[in-house]
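Q: A single structure is presented below for examination.
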Amino acid sequence: MKPFSYQKVMGITEAVSDLKEKNQSYIIAGGTNLLDLMKVHVMQPQHLIDINGLKLHDISERDGGGLHLGALASNAQTAYHPLVEGRYPLLSQAILAGASAQLRNKATNGGNLLQRTRCSYFYDNSTSCNKREPESGCAALHGYNRDHAILGHSEHCIATHPSDMAVALAALEARVVATGPDGARSIPMADFHRLPSNNPQVDSNLEAEELITGIQLPPEGFAEHYAYLKVRDRASYSFALVSVAVGLRMEGNTILKARVALGGVAHKPWRVPGAEELLEGKEADRENFKVLSEAYLTGSEAFKHNKFKIKLAKQTLVRALMQASNLKL
Amino acid sequence: MAATKNGEARNRVDGYQKVTGQAKYAGEWQPPGLLHGVVLNSTIAKGKILHIETEKALQLDGVLQVFTHENRPPLAHYDKSYQDLDAPPGTPFRPLFDNKILFNMQPIALVVAESLELARYAASLVTVNYEKKQHEVDFEKQLQHAFIPKDYKAVAPPEPWGSPAEAYHDAKHRLSATYTHPSQHHHPMEPHASTVLWEENGRITVYDKIQGALNSQKYLMGVFGLAQEDVRVLSPFVGGAFGSGLRPQYQLFLATMAALELRCSVRVVLSRPQMFSFGHRPKTHQRFSLAASEDGQLQAMIQEVYGETSRFEDYSENVISWPLVLYNCANASLSYKLVGLDVYTPLDMRAPGGASGIFALECAMDELAYQVGMNPLDFRLKNYAEKDQFEDKPFSSKELRECFRQGAEKFGWKNRPNQPRTMQEGHELIGWGLANGAWEANQKPAHAKAVLAVDGKLTVSSATADIGTGTYTIMSQVAAETMGLELEQVTFKLGDSSLPKAPLEGGSATASSVGSAVREACRQLGKKLLELAQEVDGSPLKDIPFWEVEMEAGQLRLKKDPTKAMALTDILHQNQKDSLAATIDSQPSEEQDNYAIYSHSAVFVEVRVDEALGTVRVSRMVNAIAGGRILNPKTAKSQILGGMVWGVGMALEEESVMDTHYGRFINHDLAGYHIPVNADLQELDVIFVEEEDDIVNPIGAKGLGEVGNVAVAPAIVNAIFHATGKRFRDLPVTVDKILENDEV
Ligand SMILES: Cc1cc2nc3c(=O)[nH]c(=O)nc-3n(C[C@H](O)[C@H](O)[C@H](O)COP(=O)(O)OP(=O)(O)OC[C@H]3O[C@@H](n4cnc5c(N)ncnc54)[C@H](O)[C@@H]3O)c2cc1C
Ligand code: SF4
């Protein structure tokens, strides 16, 4: 890999000022994504800021009933934390559907949100990729695009965001807390990742000088009625072709509130708030779920190898909603 | 007479070394002053290099050299010098030979530096200008240009039998369908690596990842003009190979070239993406036309095969013999054409040809069984081959019927409704399928040496390999058993070009070939011991011929009267000898020529298909094997289990995806190229059916490396049909294919 300088920081302010001042500086947390990309020279930081010494590991209750997840809490600690398992089982399930036990031990919550796409061309310097090298073109558009987006893509990039955790966080309407040179702010999950538009090199709306310090979960965790359903090419240890996170608030068989996010289909976890409302006050049944699934896939557009994803996304949505509402076949 | 009873289930003799990290692999040797080489690969598939700019890389402190075609040392020129023991007909690829690019990811430079990281970084600074030419990598498009090779590497298609076209035309039941599978890469856990230890006298010792140290030695001698004594190749441990280590790969060439030029020790390890830059199982396209009479008797079998090859070598494999090895049919025609592409030459991969040919054959047979309206098992038994039609010879032994019987019983096949799409549980459709398979059980010439020391320790050696298959263990067992010693008293040495000659470890022939040599060497040693014993004053074994004695419990003794005995160590003692050696050159018997020698398998599979989500789960598999005498039931079972996992990969997951625009395999890491993980595997059962065979070789064992996987993929695909009522003829059967199949 390209030589770089390295500094372990002990304070948030120090981390943020290094981010601002040092050229091509990147934060390293678990390193499970960044190091892989450095080895293949796709990411070439000049300076690494190691934040593992910061006190961002806690998982604690927030005033008003929510939960705070530290940016450095590992994916495993988060998934197996009693407060998460008990109140946000959807999140636990989503995290545990991702990667492997070893990786989840090392991977952090902040790093998980900022992991980069798994588009093969992004990883291969000999091909064109606007995300890796702006203005070079998008090899996936007319290449092998089986794993790619069917919603929200642009002619500049059709990549998907690979995180499972982020899909659950989107359904839970979590907020990402970050600190930058101008202080702290919190960003709703819906606005955290972005669509590729004409600058796919930027994955999220986090500023380059900002550090993620944690994630806030709202009080409602849908612990009674939830599902995370991930469809992939093998039973474990592979990224989602399509995944669905569902949280329902129900009274009897009536749905009072529905939160639904799709993974593996777009550059960000995909939500259609208008479609979620279609379910409110409705009975939990297959027909109503089908209506929602159609609404979610409105405007979807597939490419040569990923046409199956439209059908798959709809059917996975229906199945996940059935699971969440405890409906049999 | 062959030994009959199965061997003992023993742990691997090298198991402890492996799990404690003491077993060193080719990329783990750390001689003083070791330099690291990183390979730069081409980014185009065809054309030539106009210029390679290495200046920036060379300027870095600690970078010693960047080797390219422009500054490489003089090399051998003739094809013959580069042809290794597994080379197909043609012109072998010669790394750094000239500026021509023949395939994408072709090695075009080696950066040598003091550390791996530095070499890797320096390699990223090398820039290359190409003159690109239009490449052709689209197999389906190039089918129209398929050709018949001058020579077939494996078997050539025979003349047709009977009148297949007419018989097909006149038959009551006919099936014609095309079966395809993609290119697949081997992906052993250990990537290819070579460490070359340079010695002051100019000699080199090379640790290489290879399935036969002698092949690498021969190659290096040919290419670099080295004398045999100047190059020793070692491969004591190989972390899986599956055929990828049959031919010396380019890291061996590059590491050796650098070591000889720089007069230093050099190591080159390929990265996982680079593991996509050389041989692979070739994509095939097979058209099968099968016909049967009203009552299910096969009338015609027509197999037309198209297989991928490179532009510079004609790789072919045994895709075509299987219909006539497995079934009885009066009319048959088999053809095999190659499709040349701008790719690297394909390479034998676990059951080369068999995995491809049997997949298509067994799926087609299943389809025809349904047309006839027969249970697929009854249909196979009805057309069971009592002799091998391909070579027109009787089988040396064939307990396939027993495989069917025991496998079916264990699996519960008799409870299977023949009608597809009739079993369901929750969201999942359940299907039961089967297939049968065969694999060659060849004995090849092999040498071995056995040395008994006066302390009672026996050392046996042969330049074979253990690629994770258990060779160390079973050879030790064969030796211990032949000499009547405890396993702990035996050491087996392999993976060293200075040992007695052995064939490449491939084709499931090692147990048979080297095992026989080991047995014969030990018996030879026994004979010599008897001669010595008879020289001792008052020997209880005077005037006794060898066939009247046995070696048991550390003694040489009279079979009829075991009290007439001498301890083996005593024989050496009394003759004032520290040790005694015997070397043997073991040859297959001439009798073998009169027989077709195969191992067989019958595989039964249960799958669960979730049609809405497109997923397939293999919930249960039974693999019943007839493989002759089982030398070690434990290592044998591991071989078969590995084969079954392999079959799951082939059926459901594995695919090297060619990007036709770049001419490059694009899913080039293990996140993109899926192989089964533990969660994909549920109940796996292995049955070894008893099979006696005193023709196959003196030890009666047939080899199990490949018969375990040949019939697994078709059994899975047939089970998917039984679950869904839909046929899938293109592997792997992935989520998209399940969702997009609109058959009823
Ligand atoms: C083989 C494999 C399989 C995987 N499978 C899955 C899967 O199925 N599902 C899934 O969801 N994930 C999967 N992953 C991805 C894994 O979840 C991520 O690699 C991991 O979550 C990243 O976390 P990290 O702490 O290691 O991040 P790092 O690699 O340290 O960082 C990732 C990025 O985030 C930035 N960053 C990290 N922390 C912060 C912070 N606090 N503030 C600002 N920027 C920050 C870094 O600069 C870097 O750009 C897989 C990974 C591998 C290697
Ligand atoms: S889809 Fe995006 S990441 Fe993939 S090649 Fe195109 S621009 Fe690059």
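Residue names in the structure tokens use chain letters A, B, ... in the order shown, residue numbers from 1 in each chain, and ligand numbers from 1 in the order shown.
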Just asking: which residues within region 206-318 of chain A are strand (DSSP E or B) according to DSSP, as a VMD selection string?
A: chain A and resid 211 to 217 225 to 231 242 to 251 254 to 263 270 283
Q: Print the selection's residues with N, CA and C atoms to a file, as a CSV table (one decimal), in the first residue's frame.
A:
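What landed in selection17.csv:
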```
chain,number,residue,atom,x,y,z
A,211,LEU,N,-16.7,13.8,12.3
A,211,LEU,CA,-16.5,12.5,12.9
A,211,LEU,C,-17.8,12.0,13.4
A,212,ILE,N,-18.1,10.7,13.1
A,212,ILE,CA,-19.3,10.2,13.7
A,212,ILE,C,-19.0,9.8,15.2
A,213,THR,N,-19.9,10.3,16.1
A,213,THR,CA,-19.6,9.9,17.5
A,213,THR,C,-20.6,8.9,18.0
A,214,GLY,N,-21.8,8.8,17.3
A,214,GLY,CA,-22.7,7.8,17.8
A,214,GLY,C,-24.0,7.8,16.9
A,215,ILE,N,-24.9,6.9,17.4
A,215,ILE,CA,-26.2,6.8,16.7
A,215,ILE,C,-27.3,6.9,17.7
A,216,GLN,N,-28.3,7.6,17.4
A,216,GLN,CA,-29.4,7.7,18.4
A,216,GLN,C,-30.6,6.9,17.9
A,217,LEU,N,-31.1,6.1,18.8
A,217,LEU,CA,-32.3,5.3,18.4
A,217,LEU,C,-33.5,6.0,19.1
A,225,HIS,N,-43.3,-6.5,16.7
A,225,HIS,CA,-43.6,-6.8,15.3
A,225,HIS,C,-42.5,-6.3,14.4
A,226,TYR,N,-41.6,-7.1,14.1
A,226,TYR,CA,-40.4,-6.7,13.3
A,226,TYR,C,-39.9,-7.9,12.4
A,227,ALA,N,-39.2,-7.6,11.4
A,227,ALA,CA,-38.5,-8.6,10.6
A,227,ALA,C,-37.3,-8.0,9.9
A,228,TYR,N,-36.2,-8.7,9.8
A,228,TYR,CA,-35.1,-8.4,8.9
A,228,TYR,C,-34.9,-9.6,8.0
A,229,LEU,N,-35.2,-9.5,6.8
A,229,LEU,CA,-35.1,-10.6,5.9
A,229,LEU,C,-34.1,-10.3,4.8
A,230,LYS,N,-33.1,-11.1,4.7
A,230,LYS,CA,-32.0,-10.8,3.8
A,230,LYS,C,-31.9,-12.0,2.8
A,231,VAL,N,-32.0,-11.7,1.5
A,231,VAL,CA,-31.8,-12.7,0.5
A,231,VAL,C,-30.4,-12.6,-0.1
A,242,VAL,N,-31.1,-8.5,-1.9
A,242,VAL,CA,-32.2,-7.6,-1.5
A,242,VAL,C,-32.4,-7.9,0.0
A,243,SER,N,-32.6,-6.9,0.8
A,243,SER,CA,-32.9,-7.1,2.2
A,243,SER,C,-34.1,-6.2,2.6
A,244,VAL,N,-34.8,-6.6,3.6
A,244,VAL,CA,-36.0,-5.8,4.0
A,244,VAL,C,-36.0,-5.7,5.5
A,245,ALA,N,-36.1,-4.4,6.0
A,245,ALA,CA,-36.3,-4.2,7.4
A,245,ALA,C,-37.7,-3.7,7.6
A,246,VAL,N,-38.4,-4.3,8.5
A,246,VAL,CA,-39.8,-3.9,8.8
A,246,VAL,C,-40.0,-3.8,10.3
A,247,GLY,N,-40.7,-2.7,10.7
A,247,GLY,CA,-41.1,-2.5,12.0
A,247,GLY,C,-42.6,-2.1,12.0
A,248,LEU,N,-43.4,-2.9,12.7
A,248,LEU,CA,-44.9,-2.5,12.7
A,248,LEU,C,-45.4,-2.3,14.1
A,249,ARG,N,-46.3,-1.3,14.3
A,249,ARG,CA,-47.0,-1.1,15.5
A,249,ARG,C,-48.4,-1.6,15.2
A,250,MET,N,-48.9,-2.6,16.0
A,250,MET,CA,-50.2,-3.2,15.6
A,250,MET,C,-51.1,-3.2,16.8
A,251,GLU,N,-52.4,-3.2,16.5
A,251,GLU,CA,-53.4,-3.4,17.5
A,251,GLU,C,-54.3,-4.5,16.9
A,254,THR,N,-54.7,-4.9,13.2
A,254,THR,CA,-54.7,-3.7,12.5
A,254,THR,C,-53.3,-3.0,12.6
A,255,ILE,N,-52.8,-2.5,11.5
A,255,ILE,CA,-51.5,-1.8,11.5
A,255,ILE,C,-51.7,-0.3,11.9
A,256,LEU,N,-51.0,0.1,12.9
A,256,LEU,CA,-51.1,1.5,13.3
A,256,LEU,C,-50.0,2.3,12.6
A,257,LYS,N,-48.9,1.7,12.6
A,257,LYS,CA,-47.7,2.4,12.0
A,257,LYS,C,-46.8,1.3,11.4
A,258,ALA,N,-46.2,1.7,10.3
A,258,ALA,CA,-45.3,0.8,9.6
A,258,ALA,C,-44.1,1.6,9.2
A,259,ARG,N,-42.9,0.9,9.4
A,259,ARG,CA,-41.7,1.5,8.9
A,259,ARG,C,-41.0,0.4,8.2
A,260,VAL,N,-40.6,0.7,6.9
A,260,VAL,CA,-40.1,-0.3,6.0
A,260,VAL,C,-38.8,0.3,5.3
A,261,ALA,N,-37.8,-0.4,5.3
A,261,ALA,CA,-36.6,0.0,4.5
A,261,ALA,C,-36.1,-1.2,3.7
A,262,LEU,N,-35.6,-0.9,2.5
A,262,LEU,CA,-35.1,-1.9,1.6
A,262,LEU,C,-33.6,-1.7,1.4
A,263,GLY,N,-32.9,-2.8,1.5
A,263,GLY,CA,-31.4,-2.8,1.2
A,263,GLY,C,-31.1,-3.5,0.0
A,270,TRP,N,-33.5,2.2,1.3
A,270,TRP,CA,-34.6,2.8,0.5
A,270,TRP,C,-35.9,2.9,1.3
A,283,GLU,N,-55.7,-3.7,7.7
A,283,GLU,CA,-55.5,-5.0,8.2
A,283,GLU,C,-54.1,-5.5,7.7
```
Q: Set the cut-off to 10 Å and count only C-alpha atoms: what are the residues of chain A that reach chain B? Output as a ChimeraX atom specification.
A: /A:1-3,39-41,118-121,123-127,139-140,142-144,146-147,230-239,241-242,305-309,311-316,318-319,328-329
Q: Keeping only N, CA and C atoms, write those residues as a compact mmCIF listing (two decimals), in the first residue's frame.
A:
```
# COMPACT_ATOMS: atom_id res chain seq x y z
N MET A 1 0.83 -1.20 0.00
CA MET A 1 0.00 0.00 0.00
C MET A 1 0.87 1.25 0.00
N LYS A 2 0.23 2.34 -0.30
CA LYS A 2 0.96 3.59 -0.37
C LYS A 2 1.36 4.03 1.05
N PRO A 3 2.58 4.50 1.21
CA PRO A 3 3.00 4.92 2.55
C PRO A 3 2.10 6.04 3.09
N LYS A 39 -5.13 -1.74 0.42
CA LYS A 39 -4.25 -2.76 -0.16
C LYS A 39 -4.40 -2.82 -1.67
N VAL A 40 -5.58 -2.56 -2.17
CA VAL A 40 -5.74 -2.60 -3.62
C VAL A 40 -5.65 -1.18 -4.23
N HIS A 41 -5.15 -0.25 -3.43
CA HIS A 41 -4.91 1.13 -3.87
C HIS A 41 -6.15 1.84 -4.37
N ARG A 118 -19.73 -2.51 -2.74
CA ARG A 118 -19.04 -3.74 -3.12
C ARG A 118 -19.05 -3.94 -4.63
N CYS A 119 -19.37 -2.93 -5.38
CA CYS A 119 -19.31 -3.02 -6.85
C CYS A 119 -17.92 -3.50 -7.26
N SER A 120 -17.85 -4.57 -8.05
CA SER A 120 -16.55 -5.17 -8.43
C SER A 120 -15.65 -4.18 -9.14
N TYR A 121 -16.25 -3.31 -9.92
CA TYR A 121 -15.44 -2.36 -10.70
C TYR A 121 -14.79 -1.32 -9.80
N TYR A 123 -13.54 -1.92 -7.07
CA TYR A 123 -12.36 -2.56 -6.48
C TYR A 123 -11.24 -2.80 -7.48
N ASP A 124 -11.49 -2.55 -8.75
CA ASP A 124 -10.53 -2.93 -9.78
C ASP A 124 -10.05 -1.69 -10.53
N ASN A 125 -8.85 -1.28 -10.19
CA ASN A 125 -8.30 -0.04 -10.77
C ASN A 125 -8.17 -0.03 -12.28
N SER A 126 -8.28 -1.20 -12.90
CA SER A 126 -8.08 -1.22 -14.35
C SER A 126 -9.37 -0.90 -15.10
N THR A 127 -10.47 -0.66 -14.36
CA THR A 127 -11.74 -0.39 -15.02
C THR A 127 -12.20 1.03 -14.73
N ALA A 139 -18.34 1.47 -15.40
CA ALA A 139 -18.21 0.19 -16.11
C ALA A 139 -19.39 -0.73 -15.84
N ALA A 140 -20.04 -0.56 -14.71
CA ALA A 140 -21.13 -1.47 -14.35
C ALA A 140 -22.37 -1.24 -15.21
N HIS A 142 -22.96 -0.93 -18.33
CA HIS A 142 -23.10 -1.88 -19.43
C HIS A 142 -22.30 -3.15 -19.18
N GLY A 143 -21.83 -3.30 -17.97
CA GLY A 143 -21.04 -4.48 -17.62
C GLY A 143 -21.86 -5.45 -16.80
N TYR A 144 -21.21 -6.04 -15.82
CA TYR A 144 -21.86 -7.05 -14.98
C TYR A 144 -22.52 -6.32 -13.81
N ARG A 146 -25.36 -7.46 -11.89
CA ARG A 146 -26.32 -8.28 -11.16
C ARG A 146 -26.58 -7.78 -9.75
N ASP A 147 -25.54 -7.25 -9.11
CA ASP A 147 -25.69 -6.84 -7.70
C ASP A 147 -26.11 -5.38 -7.57
N LYS A 230 -33.10 -11.08 4.71
CA LYS A 230 -32.00 -10.82 3.78
C LYS A 230 -31.91 -11.97 2.78
N VAL A 231 -31.96 -11.67 1.52
CA VAL A 231 -31.82 -12.70 0.49
C VAL A 231 -30.45 -12.55 -0.14
N ARG A 232 -29.72 -13.66 -0.19
CA ARG A 232 -28.35 -13.61 -0.68
C ARG A 232 -28.00 -14.90 -1.39
N ASP A 233 -26.79 -14.93 -1.95
CA ASP A 233 -26.40 -16.07 -2.78
C ASP A 233 -25.97 -17.29 -2.00
N ARG A 234 -25.75 -17.15 -0.72
CA ARG A 234 -25.53 -18.33 0.12
C ARG A 234 -26.06 -18.01 1.51
N ALA A 235 -26.08 -19.01 2.37
CA ALA A 235 -26.82 -18.85 3.61
C ALA A 235 -26.17 -17.89 4.60
N SER A 236 -24.90 -17.61 4.42
CA SER A 236 -24.23 -16.71 5.35
C SER A 236 -23.04 -16.08 4.63
N TYR A 237 -22.52 -15.01 5.20
CA TYR A 237 -21.27 -14.44 4.72
C TYR A 237 -21.34 -13.99 3.27
N SER A 238 -22.41 -13.30 2.94
CA SER A 238 -22.42 -12.63 1.64
C SER A 238 -23.36 -11.44 1.74
N PHE A 239 -23.16 -10.51 0.84
CA PHE A 239 -23.94 -9.28 0.90
C PHE A 239 -25.34 -9.53 0.36
N LEU A 241 -28.62 -9.48 -1.78
CA LEU A 241 -29.14 -9.16 -3.11
C LEU A 241 -30.27 -8.16 -2.88
N VAL A 242 -31.11 -8.52 -1.93
CA VAL A 242 -32.18 -7.63 -1.47
C VAL A 242 -32.36 -7.91 0.01
N HIS A 305 -28.43 -7.45 -15.87
CA HIS A 305 -28.34 -8.65 -15.03
C HIS A 305 -29.14 -8.58 -13.73
N ASN A 306 -29.82 -7.49 -13.48
CA ASN A 306 -30.49 -7.41 -12.17
C ASN A 306 -32.00 -7.23 -12.26
N LYS A 307 -32.58 -7.65 -13.38
CA LYS A 307 -34.04 -7.51 -13.53
C LYS A 307 -34.78 -8.28 -12.44
N PHE A 308 -34.19 -9.40 -12.04
CA PHE A 308 -34.85 -10.22 -11.01
C PHE A 308 -35.05 -9.48 -9.71
N LYS A 309 -34.26 -8.45 -9.51
CA LYS A 309 -34.32 -7.76 -8.20
C LYS A 309 -35.67 -7.07 -7.97
N LYS A 311 -38.73 -8.08 -8.92
CA LYS A 311 -39.65 -9.10 -8.42
C LYS A 311 -39.22 -9.57 -7.03
N LEU A 312 -37.92 -9.77 -6.88
CA LEU A 312 -37.41 -10.26 -5.60
C LEU A 312 -37.70 -9.26 -4.48
N ALA A 313 -37.50 -7.98 -4.77
CA ALA A 313 -37.74 -6.97 -3.74
C ALA A 313 -39.21 -6.98 -3.32
N LYS A 314 -40.09 -7.08 -4.28
CA LYS A 314 -41.52 -7.08 -3.94
C LYS A 314 -41.87 -8.30 -3.10
N GLN A 315 -41.40 -9.45 -3.53
CA GLN A 315 -41.77 -10.67 -2.82
C GLN A 315 -41.12 -10.75 -1.44
N THR A 316 -39.91 -10.20 -1.34
CA THR A 316 -39.25 -10.20 -0.03
C THR A 316 -39.97 -9.24 0.91
N VAL A 318 -43.18 -8.47 0.86
CA VAL A 318 -44.42 -9.11 1.32
C VAL A 318 -44.11 -10.14 2.40
N ARG A 319 -43.09 -10.95 2.14
CA ARG A 319 -42.75 -11.99 3.11
C ARG A 319 -42.33 -11.38 4.45
N LYS A 328 -49.26 -16.39 8.87
CA LYS A 328 -48.78 -17.61 8.20
C LYS A 328 -49.02 -17.41 6.71
N LEU A 329 -48.45 -18.29 5.91
CA LEU A 329 -48.55 -18.27 4.45
C LEU A 329 -49.70 -17.47 3.87
```
Q: Write out as a ChimeraX atom specification which residues come within 7 Å of region 25-27 of chain A when counting only C-alpha atoms, dropping same-chain ones fewer than 3 positions away.
A: /A:19,22,45-51
Q: Show me which residues are within 7 Å of ligand 2 counting only C-alpha atoms and all ligand atoms, and format the list as a list of chain:residue names.
A: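 Taking only C-alpha atoms and all ligand atoms into account, the residues around ligand 2 at most 7 Å away are A:Thr117, A:Cys119, A:Ser120, A:Tyr121, A:Phe122, A:Ser128, A:Cys129, A:Asn130, A:Lys131, A:Arg132, A:Gly137, A:Cys138, A:Ala139, A:Ala140, A:Leu141, A:His148, A:His156, A:Cys157, A:Ile158, A:Ala159, A:Pro200.
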Q: Record the distance separating CA of Pro273 (chain A) and CA of Val291 (chain A), expressed in Å with one decimal.
A: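 Interatomic distance, CA of Pro273 (chain A) to CA of Val291 (chain A): 13.8 Å.
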Q: So which residues touch region 202-217 of chain B within 6 Å, counting only C-alpha atoms, skipping near sequence neighbours fewer than 3 positions away, as a short mmCIF file (atom, residue, chain, number, x, y, z; two decimals) with C-alpha atoms, in the first residue's frame?
A:
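What follows is the written file result.cif:
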```cif
data_model
loop_
_atom_site.label_atom_id
_atom_site.label_comp_id
_atom_site.auth_asym_id
_atom_site.auth_seq_id
_atom_site.Cartn_x
_atom_site.Cartn_y
_atom_site.Cartn_z
CA ALA B 26 5.52 -22.36 0.26
CA LEU B 85 4.19 -32.76 -17.26
CA HIS B 192 -0.02 -19.90 -5.14
CA ALA B 193 3.40 -19.06 -3.80
CA SER B 194 7.07 -19.83 -4.36
CA THR B 195 10.03 -19.08 -2.13
CA VAL B 196 13.38 -19.51 -3.83
CA LEU B 197 16.37 -19.96 -1.52
CA TRP B 198 19.51 -18.88 -3.27
CA GLU B 199 22.76 -20.42 -2.18
CA LEU B 220 12.85 -24.83 -14.10
CA ASP B 230 21.28 -27.17 -9.20
CA VAL B 231 17.61 -27.07 -8.39
CA ARG B 232 15.74 -28.90 -5.70
CA VAL B 233 12.02 -28.35 -5.32
CA LEU B 234 10.15 -28.97 -2.11
CA SER B 235 6.47 -28.91 -1.32
CA GLY B 245 -1.10 -27.00 -8.67
CA LEU B 246 -0.69 -29.56 -11.42
CA PRO B 248 3.92 -24.82 -12.43
CA THR B 464 4.46 -37.40 -4.37
CA ALA B 465 2.40 -34.65 -2.70
CA GLY B 495 7.10 -33.32 -1.66
CA ASP B 496 10.80 -33.30 -2.52
CA SER B 497 12.30 -33.60 -6.00
CA LEU B 504 1.77 -35.79 -10.29
CA GLU B 505 -0.78 -35.94 -7.54
#
```
Q: Name each residue within 7 Å of ligand 1, counting only C-alpha atoms and all ligand atoms, as a PyMOL selection string.
A: (chain A and resi 26-35+71-72+95+97-100+103-104+106-115+162-165+210-213+237-240) or (chain B and resi 671)
Q: Can you work out the spacing between CA of Thr179 (chain A) and CA of Val16 (chain A) in Å, to one decimal?
A: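 Answer for the CA of Thr179 (chain A) to CA of Val16 (chain A) separation: 7.5 Å.
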Q: Within 8 Å of Gly307 (chain B), counting only C-alpha atoms, which residues qualify if same-chain residues fewer than 6 places away don't, as a CSV table (one decimal) with N, CA, C and O atoms, in the first residue's frame?
A:
```csv
chain,number,residue,atom,x,y,z
B,282,PRO,N,-12.8,-25.1,-17.6
B,282,PRO,CA,-13.4,-24.4,-18.8
B,282,PRO,C,-14.9,-24.5,-18.8
B,282,PRO,O,-15.5,-25.5,-18.4
B,283,LYS,N,-15.5,-23.4,-19.3
B,283,LYS,CA,-16.9,-23.3,-19.5
B,283,LYS,C,-17.2,-24.4,-20.5
B,283,LYS,O,-16.5,-24.6,-21.5
B,284,THR,N,-18.4,-25.1,-20.3
B,284,THR,CA,-18.8,-26.0,-21.4
B,284,THR,C,-20.2,-25.8,-21.8
B,284,THR,O,-21.0,-25.2,-21.0
B,285,HIS,N,-20.5,-26.2,-23.0
B,285,HIS,CA,-21.9,-26.1,-23.5
B,285,HIS,C,-22.1,-27.5,-24.1
B,285,HIS,O,-21.3,-27.9,-24.9
B,316,SER,N,-8.2,-29.9,-23.5
B,316,SER,CA,-9.4,-30.7,-23.5
B,316,SER,C,-9.4,-31.6,-22.3
B,316,SER,O,-8.3,-31.9,-21.8
B,336,TYR,N,-16.7,-33.5,-29.6
B,336,TYR,CA,-16.1,-32.6,-28.6
B,336,TYR,C,-15.3,-31.6,-29.4
B,336,TYR,O,-14.3,-31.9,-30.1
B,337,LYS,N,-15.7,-30.3,-29.4
B,337,LYS,CA,-15.0,-29.3,-30.1
B,337,LYS,C,-14.6,-28.2,-29.1
B,337,LYS,O,-15.2,-28.0,-28.1
B,338,LEU,N,-13.5,-27.5,-29.5
B,338,LEU,CA,-13.0,-26.5,-28.6
B,338,LEU,C,-13.3,-25.1,-29.2
B,338,LEU,O,-13.5,-24.9,-30.4
B,339,VAL,N,-13.5,-24.2,-28.2
B,339,VAL,CA,-13.8,-22.8,-28.6
B,339,VAL,C,-12.6,-21.9,-28.1
B,339,VAL,O,-12.4,-21.8,-26.9
```
Q: Which residues, written as a PyMOL selection string, have at least one atom at most 10 Å from region 687-696 of chain B, with only C-alpha atoms counted and residues fewer than 6 positions away on the same chain left out?
A: chain B and resi 1-6+395-407+410+441-443+512-513+588-602+622-630+633+636-637+640+702
Q: CA of Lys282 (chain A) and CA of Ala324 (chain A) are how many Å apart?
A: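 Interatomic distance, CA of Lys282 (chain A) to CA of Ala324 (chain A): 14.6 Å.
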Q: Give me the residues near Leu568 (chain B) as a PyMOL selection string, where near means some atom within 8 Å (using only C-alpha atoms) and where sequence neighbours in that chain fewer than 6 positions away do not count.
A: chain B and resi 456+529+554-556
Q: So which bits of region 9-119 of chain A end up alpha helix (DSSP H) when you DSSP the backbone, as a ChimeraX atom specification?
A: /A:12-21,34-39,75-80,82-87,89-96,101-106,109-114
Q: Find, counting only C-alpha atoms, the residue in B:Ala87, B:Leu175, B:Ala509, B:Ala9 that gets nearest to Lys153 (chain B).
A: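 Looking only at the distances to Lys153 (chain B), the closest residue turns out to be B:Ala87.
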Q: For each of A:Glu287, A:Leu37, A:Ile150, A:Met322, take the minimum atom-to-atom distance to Glu301 (chain A), counting only C-alpha atoms, then give the residue where this is smallest.
A: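 Smallest separation from Glu301 (chain A) among the options: A:Ile150.
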